[in-house]
$ cat coords06.txt   # compact mmCIF, N, CA and C atoms
# COMPACT_ATOMS: atom_id res chain seq x y z
N MET K 657 -27.37 13.62 -0.65
CA MET K 657 -26.45 13.58 -1.78
C MET K 657 -25.07 13.98 -1.30
N SER K 658 -24.09 13.25 -1.74
CA SER K 658 -22.73 13.54 -1.31
C SER K 658 -21.79 13.35 -2.48
N PHE K 659 -20.68 14.00 -2.41
CA PHE K 659 -19.69 13.97 -3.49
C PHE K 659 -18.36 13.57 -2.88
N GLU K 660 -17.66 12.67 -3.51
CA GLU K 660 -16.34 12.27 -3.02
C GLU K 660 -15.30 12.67 -4.05
N LEU K 661 -14.24 13.30 -3.57
CA LEU K 661 -13.15 13.71 -4.46
C LEU K 661 -12.47 12.49 -5.06
N SER K 662 -12.05 12.62 -6.29
CA SER K 662 -11.22 11.57 -6.88
C SER K 662 -9.86 11.62 -6.21
N SER K 663 -9.11 10.55 -6.32
CA SER K 663 -7.79 10.53 -5.69
C SER K 663 -6.88 11.60 -6.30
N ALA K 664 -7.01 11.85 -7.59
CA ALA K 664 -6.19 12.87 -8.24
C ALA K 664 -6.55 14.26 -7.71
N ASP K 665 -7.86 14.56 -7.57
CA ASP K 665 -8.27 15.84 -7.04
C ASP K 665 -7.82 16.01 -5.59
N PHE K 666 -7.96 14.95 -4.80
CA PHE K 666 -7.54 14.99 -3.40
C PHE K 666 -6.05 15.30 -3.31
N GLU K 667 -5.25 14.60 -4.09
CA GLU K 667 -3.80 14.83 -4.08
C GLU K 667 -3.47 16.25 -4.53
N SER K 668 -4.19 16.74 -5.54
CA SER K 668 -3.97 18.09 -6.03
C SER K 668 -4.24 19.12 -4.94
N ILE K 669 -5.35 18.95 -4.22
CA ILE K 669 -5.70 19.88 -3.14
C ILE K 669 -4.69 19.80 -2.02
N VAL K 670 -4.30 18.60 -1.65
CA VAL K 670 -3.32 18.43 -0.57
C VAL K 670 -2.00 19.10 -0.95
N ARG K 671 -1.61 19.00 -2.22
CA ARG K 671 -0.37 19.66 -2.66
C ARG K 671 -0.49 21.18 -2.58
N SER K 672 -1.72 21.70 -2.74
CA SER K 672 -1.88 23.16 -2.69
C SER K 672 -1.89 23.69 -1.26
N LEU K 673 -1.93 22.80 -0.29
CA LEU K 673 -1.91 23.18 1.12
C LEU K 673 -0.68 22.57 1.77
N ARG K 674 -0.25 23.14 2.85
CA ARG K 674 0.94 22.66 3.54
C ARG K 674 0.55 21.69 4.65
N SER K 675 1.25 20.58 4.79
CA SER K 675 0.95 19.59 5.82
C SER K 675 1.12 20.18 7.20
N ASP K 676 0.22 19.80 8.10
CA ASP K 676 0.18 20.35 9.45
C ASP K 676 1.14 19.69 10.42
N LYS K 677 1.54 18.47 10.14
CA LYS K 677 2.44 17.69 10.98
C LYS K 677 1.83 17.27 12.32
N GLN K 678 0.59 17.69 12.61
CA GLN K 678 -0.09 17.17 13.80
C GLN K 678 -0.78 15.90 13.38
N ALA K 679 -0.55 14.85 14.14
CA ALA K 679 -1.14 13.57 13.77
C ALA K 679 -1.80 12.94 14.97
N GLY K 680 -2.62 11.94 14.68
CA GLY K 680 -3.15 11.09 15.72
C GLY K 680 -4.17 11.72 16.64
N ARG K 681 -5.16 12.41 16.10
CA ARG K 681 -6.24 12.91 16.94
C ARG K 681 -7.16 11.74 17.24
N SER K 682 -7.23 11.32 18.49
CA SER K 682 -7.95 10.10 18.86
C SER K 682 -9.46 10.24 18.85
N SER K 683 -10.00 11.45 18.82
CA SER K 683 -11.45 11.63 18.88
C SER K 683 -12.10 11.61 17.50
N ASP K 684 -11.38 11.27 16.48
CA ASP K 684 -11.89 11.28 15.11
C ASP K 684 -12.91 10.17 14.91
N LYS K 685 -14.14 10.54 14.56
CA LYS K 685 -15.20 9.56 14.33
C LYS K 685 -15.65 9.55 12.88
N ARG K 686 -14.87 10.10 12.00
CA ARG K 686 -15.25 10.18 10.59
C ARG K 686 -15.15 8.83 9.91
N LYS K 687 -15.93 8.69 8.84
CA LYS K 687 -15.91 7.46 8.06
C LYS K 687 -14.69 7.39 7.15
N THR K 688 -14.17 8.53 6.77
CA THR K 688 -12.98 8.57 5.92
C THR K 688 -11.86 9.27 6.68
N PRO K 689 -10.62 8.81 6.50
CA PRO K 689 -9.51 9.43 7.22
C PRO K 689 -9.32 10.88 6.81
N ARG K 690 -8.85 11.69 7.75
CA ARG K 690 -8.59 13.09 7.44
C ARG K 690 -7.10 13.37 7.60
N VAL K 691 -6.68 14.42 6.93
CA VAL K 691 -5.29 14.85 6.97
C VAL K 691 -5.28 16.24 7.59
N GLY K 692 -4.50 16.42 8.65
CA GLY K 692 -4.35 17.75 9.23
C GLY K 692 -3.51 18.62 8.31
N LEU K 693 -4.04 19.78 7.97
CA LEU K 693 -3.37 20.68 7.03
C LEU K 693 -3.48 22.10 7.52
N SER K 694 -2.61 22.93 7.02
CA SER K 694 -2.81 24.37 7.21
C SER K 694 -2.58 25.02 5.87
N GLY K 695 -3.47 25.88 5.53
CA GLY K 695 -3.41 26.58 4.26
C GLY K 695 -4.65 27.46 4.17
N ARG K 696 -4.72 28.25 3.16
CA ARG K 696 -5.85 29.18 3.00
C ARG K 696 -6.71 28.78 1.81
N VAL K 697 -8.00 28.96 1.98
CA VAL K 697 -8.96 28.78 0.90
C VAL K 697 -9.90 29.98 0.92
N THR K 698 -10.64 30.13 -0.14
CA THR K 698 -11.67 31.16 -0.20
C THR K 698 -13.02 30.47 0.01
N VAL K 699 -13.84 31.06 0.89
CA VAL K 699 -15.16 30.52 1.17
C VAL K 699 -16.21 31.54 0.75
N ILE K 700 -17.19 31.07 -0.01
CA ILE K 700 -18.28 31.93 -0.46
C ILE K 700 -19.59 31.34 0.04
N PRO K 701 -20.28 32.03 0.97
CA PRO K 701 -21.57 31.53 1.46
C PRO K 701 -22.60 31.57 0.33
N CYS K 702 -23.49 30.59 0.31
CA CYS K 702 -24.51 30.53 -0.74
C CYS K 702 -25.91 30.88 -0.23
N SER K 703 -26.06 31.09 1.07
CA SER K 703 -27.37 31.37 1.66
C SER K 703 -27.83 32.77 1.29
N HIS K 704 -29.13 32.93 1.06
CA HIS K 704 -29.67 34.23 0.69
C HIS K 704 -29.78 35.19 1.88
N HIS K 705 -29.71 34.68 3.11
CA HIS K 705 -29.90 35.55 4.28
C HIS K 705 -28.58 35.97 4.95
N VAL K 706 -27.45 35.71 4.32
CA VAL K 706 -26.17 36.15 4.87
C VAL K 706 -25.39 36.90 3.80
N ASP K 707 -24.38 37.61 4.23
CA ASP K 707 -23.49 38.30 3.30
C ASP K 707 -22.79 37.25 2.44
N ARG K 708 -22.89 37.38 1.15
CA ARG K 708 -22.29 36.39 0.24
C ARG K 708 -20.88 36.78 -0.19
N SER K 709 -20.27 37.70 0.50
CA SER K 709 -18.91 38.10 0.15
C SER K 709 -17.94 36.95 0.42
N ALA K 710 -16.97 36.82 -0.46
CA ALA K 710 -15.93 35.81 -0.29
C ALA K 710 -15.05 36.17 0.89
N VAL K 711 -14.70 35.19 1.70
CA VAL K 711 -13.80 35.39 2.84
C VAL K 711 -12.69 34.35 2.78
N THR K 712 -11.58 34.68 3.41
CA THR K 712 -10.48 33.73 3.50
C THR K 712 -10.67 32.89 4.76
N ALA K 713 -10.45 31.59 4.64
CA ALA K 713 -10.53 30.68 5.78
C ALA K 713 -9.26 29.84 5.82
N MET K 714 -8.92 29.40 7.02
CA MET K 714 -7.78 28.50 7.20
C MET K 714 -8.30 27.07 7.18
N VAL K 715 -7.62 26.21 6.46
CA VAL K 715 -7.97 24.79 6.44
C VAL K 715 -7.39 24.15 7.68
N ARG K 716 -8.21 23.41 8.41
CA ARG K 716 -7.76 22.69 9.60
C ARG K 716 -7.45 21.24 9.25
N ASP K 717 -8.35 20.63 8.45
CA ASP K 717 -8.15 19.25 8.03
C ASP K 717 -8.96 18.99 6.78
N LEU K 718 -8.67 17.85 6.14
CA LEU K 718 -9.28 17.51 4.85
C LEU K 718 -9.39 16.01 4.74
N SER K 719 -10.50 15.54 4.19
CA SER K 719 -10.64 14.13 3.86
C SER K 719 -11.17 14.05 2.44
N THR K 720 -11.40 12.86 1.93
CA THR K 720 -11.93 12.75 0.57
C THR K 720 -13.40 13.13 0.50
N THR K 721 -14.07 13.28 1.65
CA THR K 721 -15.50 13.61 1.66
C THR K 721 -15.82 14.95 2.31
N GLY K 722 -14.83 15.64 2.92
CA GLY K 722 -15.15 16.90 3.57
C GLY K 722 -13.92 17.68 4.01
N ILE K 723 -14.20 18.81 4.69
CA ILE K 723 -13.14 19.74 5.07
C ILE K 723 -13.48 20.38 6.40
N GLY K 724 -12.44 20.71 7.18
CA GLY K 724 -12.59 21.47 8.41
C GLY K 724 -11.93 22.82 8.23
N LEU K 725 -12.63 23.89 8.64
CA LEU K 725 -12.17 25.25 8.41
C LEU K 725 -12.18 26.06 9.70
N ALA K 726 -11.34 27.09 9.76
CA ALA K 726 -11.39 28.11 10.80
C ALA K 726 -11.51 29.45 10.09
N HIS K 727 -12.44 30.30 10.55
CA HIS K 727 -12.72 31.55 9.84
C HIS K 727 -13.40 32.55 10.75
N SER K 728 -13.66 33.74 10.23
CA SER K 728 -14.21 34.82 11.05
C SER K 728 -15.67 35.14 10.77
N ASN K 729 -16.31 34.47 9.83
CA ASN K 729 -17.71 34.74 9.52
C ASN K 729 -18.58 33.55 9.91
N PRO K 730 -19.67 33.80 10.64
CA PRO K 730 -20.53 32.69 11.06
C PRO K 730 -21.29 32.08 9.89
N VAL K 731 -21.45 30.77 9.92
CA VAL K 731 -22.32 30.03 9.00
C VAL K 731 -23.11 29.05 9.85
N ARG K 732 -24.21 28.55 9.32
CA ARG K 732 -25.04 27.62 10.08
C ARG K 732 -25.02 26.24 9.45
N ALA K 733 -25.18 25.23 10.30
CA ALA K 733 -25.33 23.87 9.81
C ALA K 733 -26.51 23.84 8.84
N GLY K 734 -26.34 23.13 7.75
CA GLY K 734 -27.38 23.03 6.73
C GLY K 734 -27.21 24.01 5.59
N GLU K 735 -26.40 25.06 5.77
CA GLU K 735 -26.15 26.01 4.70
C GLU K 735 -25.13 25.45 3.72
N GLN K 736 -25.16 25.96 2.51
CA GLN K 736 -24.17 25.58 1.52
C GLN K 736 -23.14 26.69 1.37
N ILE K 737 -21.91 26.27 1.12
CA ILE K 737 -20.80 27.19 0.87
C ILE K 737 -20.02 26.67 -0.33
N ILE K 738 -19.32 27.56 -0.97
CA ILE K 738 -18.38 27.16 -2.02
C ILE K 738 -16.98 27.34 -1.43
N VAL K 739 -16.18 26.31 -1.51
CA VAL K 739 -14.80 26.37 -1.06
C VAL K 739 -13.93 26.37 -2.32
N ARG K 740 -13.10 27.41 -2.44
CA ARG K 740 -12.25 27.54 -3.63
C ARG K 740 -10.79 27.40 -3.22
N PHE K 741 -10.13 26.43 -3.84
CA PHE K 741 -8.72 26.16 -3.60
C PHE K 741 -7.90 26.88 -4.66
N ALA K 742 -6.81 27.46 -4.27
CA ALA K 742 -5.96 28.22 -5.18
C ALA K 742 -5.30 27.31 -6.21
N ALA K 743 -4.99 27.89 -7.33
CA ALA K 743 -4.24 27.18 -8.36
C ALA K 743 -2.80 26.99 -7.89
N THR K 744 -2.18 25.93 -8.34
CA THR K 744 -0.75 25.73 -8.10
C THR K 744 -0.06 25.82 -9.45
N HIS K 745 1.25 25.69 -9.46
CA HIS K 745 1.95 25.79 -10.74
C HIS K 745 1.60 24.63 -11.68
N ASN K 746 1.09 23.52 -11.13
CA ASN K 746 0.73 22.36 -11.97
C ASN K 746 -0.78 22.18 -12.14
N GLU K 747 -1.57 22.75 -11.25
CA GLU K 747 -3.01 22.48 -11.22
C GLU K 747 -3.80 23.78 -11.27
N PRO K 748 -4.95 23.76 -11.96
CA PRO K 748 -5.80 24.96 -11.96
C PRO K 748 -6.54 25.09 -10.62
N ALA K 749 -7.14 26.25 -10.39
CA ALA K 749 -7.95 26.45 -9.19
C ALA K 749 -9.10 25.44 -9.21
N LYS K 750 -9.56 25.08 -8.01
CA LYS K 750 -10.65 24.12 -7.87
C LYS K 750 -11.68 24.69 -6.92
N ALA K 751 -12.96 24.53 -7.25
CA ALA K 751 -14.04 24.99 -6.39
C ALA K 751 -15.00 23.82 -6.15
N ILE K 752 -15.45 23.69 -4.89
CA ILE K 752 -16.33 22.59 -4.51
C ILE K 752 -17.50 23.15 -3.71
N LEU K 753 -18.71 22.77 -4.10
CA LEU K 753 -19.90 23.11 -3.33
C LEU K 753 -19.96 22.18 -2.13
N CYS K 754 -20.17 22.76 -0.93
CA CYS K 754 -20.16 21.98 0.31
C CYS K 754 -21.40 22.26 1.13
N LEU K 755 -21.77 21.30 1.98
CA LEU K 755 -22.85 21.44 2.94
C LEU K 755 -22.24 21.55 4.32
N VAL K 756 -22.54 22.62 5.04
CA VAL K 756 -22.01 22.81 6.39
C VAL K 756 -22.68 21.79 7.32
N THR K 757 -21.86 20.97 7.98
CA THR K 757 -22.39 19.97 8.91
C THR K 757 -22.41 20.47 10.34
N HIS K 758 -21.48 21.35 10.67
CA HIS K 758 -21.46 21.98 12.00
C HIS K 758 -20.59 23.23 11.95
N SER K 759 -20.90 24.17 12.85
CA SER K 759 -20.09 25.38 12.98
C SER K 759 -20.14 25.80 14.44
N ILE K 760 -18.98 25.98 15.04
CA ILE K 760 -18.87 26.24 16.47
C ILE K 760 -18.13 27.56 16.68
N THR K 761 -18.67 28.40 17.57
CA THR K 761 -17.98 29.62 17.95
C THR K 761 -16.90 29.25 18.95
N VAL K 762 -15.65 29.61 18.64
CA VAL K 762 -14.54 29.27 19.53
C VAL K 762 -13.87 30.51 20.13
N GLY K 763 -14.30 31.67 19.73
CA GLY K 763 -13.74 32.91 20.24
C GLY K 763 -14.47 34.08 19.62
N GLU K 764 -14.06 35.27 20.00
CA GLU K 764 -14.68 36.44 19.41
C GLU K 764 -14.33 36.50 17.93
N ARG K 765 -15.35 36.40 17.10
CA ARG K 765 -15.21 36.38 15.64
C ARG K 765 -14.29 35.26 15.14
N LEU K 766 -14.34 34.11 15.81
CA LEU K 766 -13.59 32.94 15.34
C LEU K 766 -14.50 31.72 15.42
N PHE K 767 -14.60 31.02 14.30
CA PHE K 767 -15.50 29.88 14.17
C PHE K 767 -14.75 28.71 13.56
N THR K 768 -15.11 27.50 13.97
CA THR K 768 -14.63 26.30 13.29
C THR K 768 -15.84 25.65 12.65
N THR K 769 -15.65 25.22 11.43
CA THR K 769 -16.75 24.68 10.64
C THR K 769 -16.32 23.39 9.97
N GLY K 770 -17.22 22.43 9.96
CA GLY K 770 -17.03 21.20 9.20
C GLY K 770 -18.01 21.20 8.04
N ALA K 771 -17.57 20.77 6.88
CA ALA K 771 -18.44 20.76 5.71
C ALA K 771 -18.20 19.51 4.89
N LYS K 772 -19.27 19.01 4.30
CA LYS K 772 -19.24 17.81 3.47
C LYS K 772 -19.25 18.24 2.00
N PHE K 773 -18.37 17.63 1.19
CA PHE K 773 -18.33 17.93 -0.23
C PHE K 773 -19.62 17.44 -0.90
N LEU K 774 -20.21 18.31 -1.74
CA LEU K 774 -21.41 17.93 -2.50
C LEU K 774 -21.11 17.72 -3.97
N LYS K 775 -20.46 18.70 -4.60
CA LYS K 775 -20.11 18.53 -6.01
C LYS K 775 -19.03 19.50 -6.43
N ASP K 776 -18.30 19.08 -7.44
CA ASP K 776 -17.25 19.88 -8.05
C ASP K 776 -17.91 20.99 -8.86
N ILE K 777 -17.34 22.17 -8.80
CA ILE K 777 -17.84 23.30 -9.58
C ILE K 777 -16.73 23.71 -10.53
N GLU K 778 -17.07 23.86 -11.78
CA GLU K 778 -16.06 24.24 -12.76
C GLU K 778 -15.68 25.70 -12.55
N VAL K 779 -14.40 25.95 -12.44
CA VAL K 779 -13.89 27.31 -12.26
C VAL K 779 -13.52 27.85 -13.63
N ALA K 780 -14.11 28.98 -13.99
CA ALA K 780 -13.79 29.60 -15.28
C ALA K 780 -12.38 30.14 -15.22
N PRO K 781 -11.59 29.89 -16.27
CA PRO K 781 -10.23 30.45 -16.29
C PRO K 781 -10.29 31.96 -16.32
N GLN K 782 -9.27 32.59 -15.78
CA GLN K 782 -9.22 34.05 -15.78
C GLN K 782 -9.09 34.52 -17.22
N ALA K 783 -10.00 35.38 -17.60
CA ALA K 783 -10.00 35.89 -18.98
C ALA K 783 -8.91 36.95 -19.12
N SER K 784 -8.20 36.86 -20.21
CA SER K 784 -7.21 37.90 -20.49
C SER K 784 -7.82 38.84 -21.52
N GLN K 785 -7.58 40.11 -21.33
CA GLN K 785 -8.10 41.10 -22.24
C GLN K 785 -7.28 41.12 -23.53
N PRO K 786 -7.95 41.03 -24.68
CA PRO K 786 -7.21 41.15 -25.93
C PRO K 786 -6.67 42.58 -26.08
N SER K 787 -5.62 42.70 -26.85
CA SER K 787 -4.99 44.01 -26.99
C SER K 787 -5.79 44.96 -27.87
N GLY K 788 -6.75 44.45 -28.65
CA GLY K 788 -7.57 45.31 -29.50
C GLY K 788 -8.71 45.93 -28.71
N LYS K 789 -9.58 46.68 -29.42
CA LYS K 789 -10.70 47.30 -28.76
C LYS K 789 -11.74 46.25 -28.40
N PRO K 790 -12.32 46.32 -27.16
CA PRO K 790 -13.32 45.34 -26.77
C PRO K 790 -14.58 45.48 -27.60
N GLY K 791 -15.23 44.34 -27.86
CA GLY K 791 -16.50 44.33 -28.56
C GLY K 791 -16.39 44.34 -30.07
N LYS K 792 -15.22 44.52 -30.64
CA LYS K 792 -15.08 44.54 -32.09
C LYS K 792 -14.40 43.25 -32.54
N SER K 793 -14.99 42.62 -33.52
CA SER K 793 -14.35 41.44 -34.10
C SER K 793 -14.49 41.48 -35.60
N LYS K 794 -13.64 40.77 -36.28
CA LYS K 794 -13.65 40.77 -37.74
C LYS K 794 -14.43 39.60 -38.25
$ encode --input "coords06.txt" --output "structure tokens"
Amino acid sequence: MSFELSSADFESIVRSLRSDKQAGRSSDKRKTPRVGLSGRVTVIPCSHHVDRSAVTAMVRDLSTTGIGLAHSNPVRAGEQIIVRFAATHNEPAKAILCLVTHSITVGERLFTTGAKFLKDIEVAPQASQPSGKPGKSK
């Protein structure tokens, strides 16, 4: 099962990240073109056997079907992660469930990971506390 971003969602995510300006990587074997980007996302592991704490990861590249990340926490191919993109002034935050396709150790506590988009996850808006007492309604 795979999930492909709509063009509007893809554009929204790309706007929330800064373009990398590196182009023309000749070893690209992906079915969909990727865009080199740099920006931060939040990654939440979904596996029951690892720490599920949210971590910050750097985006390396993005396509309509997946994402490349650099981060400090190991994940394994086949595991699921949630990638959360920050809200922009025009767009709300976006979260996508992903399947890790590969993860490579590139240094001490530094990993590069590729993940395939599986499905969009609805992000609950941040609740604002009412000024009255909590739990009481008329």
$ closest_residue --input "coords06.txt" --among "K:Thr688, K:Ser658, K:Ser668, K:Thr698" --to "Pro748 (chain K)" --atoms "only C-alpha atoms"
K:Ser668
$ residues_around --input "coords06.txt" --residues "region 751-763 of chain K" --least-positions-apart "3" --cutoff "7 Å" --atoms "only N, CA and C atoms" --output "list in words"
Val731, Arg732, Ala733, Gly734, Glu735, Gln736, Ile737, Ile738, Val739, Arg740, Phe741, Leu766, Phe767, Thr768, Thr769, Gly770, Ala771, Lys772, Phe773, Leu774, Lys775, Asp776, Ile777, Glu778 and Val779 of chain K
$ residues_around --input "coords06.txt" --residues "Ala742 (chain K)" --least-positions-apart "3" --cutoff "7 Å" --atoms "all atoms listed in the file" --output "list in words"
Ser672, Arg696, Val697, Thr698, Glu747, Pro748, Ala749 and Lys750 of chain K
$ atom_distance --input "coords06.txt" --atom1 "CA of His704 (chain K)" --atom2 "CA of Ile669 (chain K)"
28.2 Å
$ atom_distance --input "coords06.txt" --atom1 "CA of Ala743 (chain K)" --atom2 "CA of Leu661 (chain K)"
16.6 Å
$ atom_distance --input "coords06.txt" --atom1 "CA of Arg765 (chain K)" --atom2 "CA of Asn729 (chain K)"
6.8 Å
$ axis_aligned_box --input "coords06.txt" --around "region 751-767 of chain K" --padding-each-side "4 Å" --output "JSON"
{"center_x": -17.9, "center_y": 28.2, "center_z": 6.5, "size_x": 17.9, "size_y": 24.5, "size_z": 35.5}
$ select_by_dssp --input "coords06.txt" --residues "region 673-759 of chain K" --states "strand (DSSP E or B)" --output "PyMOL selection string"
chain K and resi 674-675+690-694+696-701+711-719+722-727+736-741+750-759
$ closest_residue --input "coords06.txt" --among "K:His727, K:Ser694, K:Ile700, K:Phe666" --to "Ala713 (chain K)" --atoms "all atoms listed in the file"
K:His727
$ closest_residue --input "coords06.txt" --among "K:Thr720, K:Leu725, K:Pro730, K:Asn746" --to "Phe659 (chain K)" --atoms "all atoms listed in the file"
K:Thr720
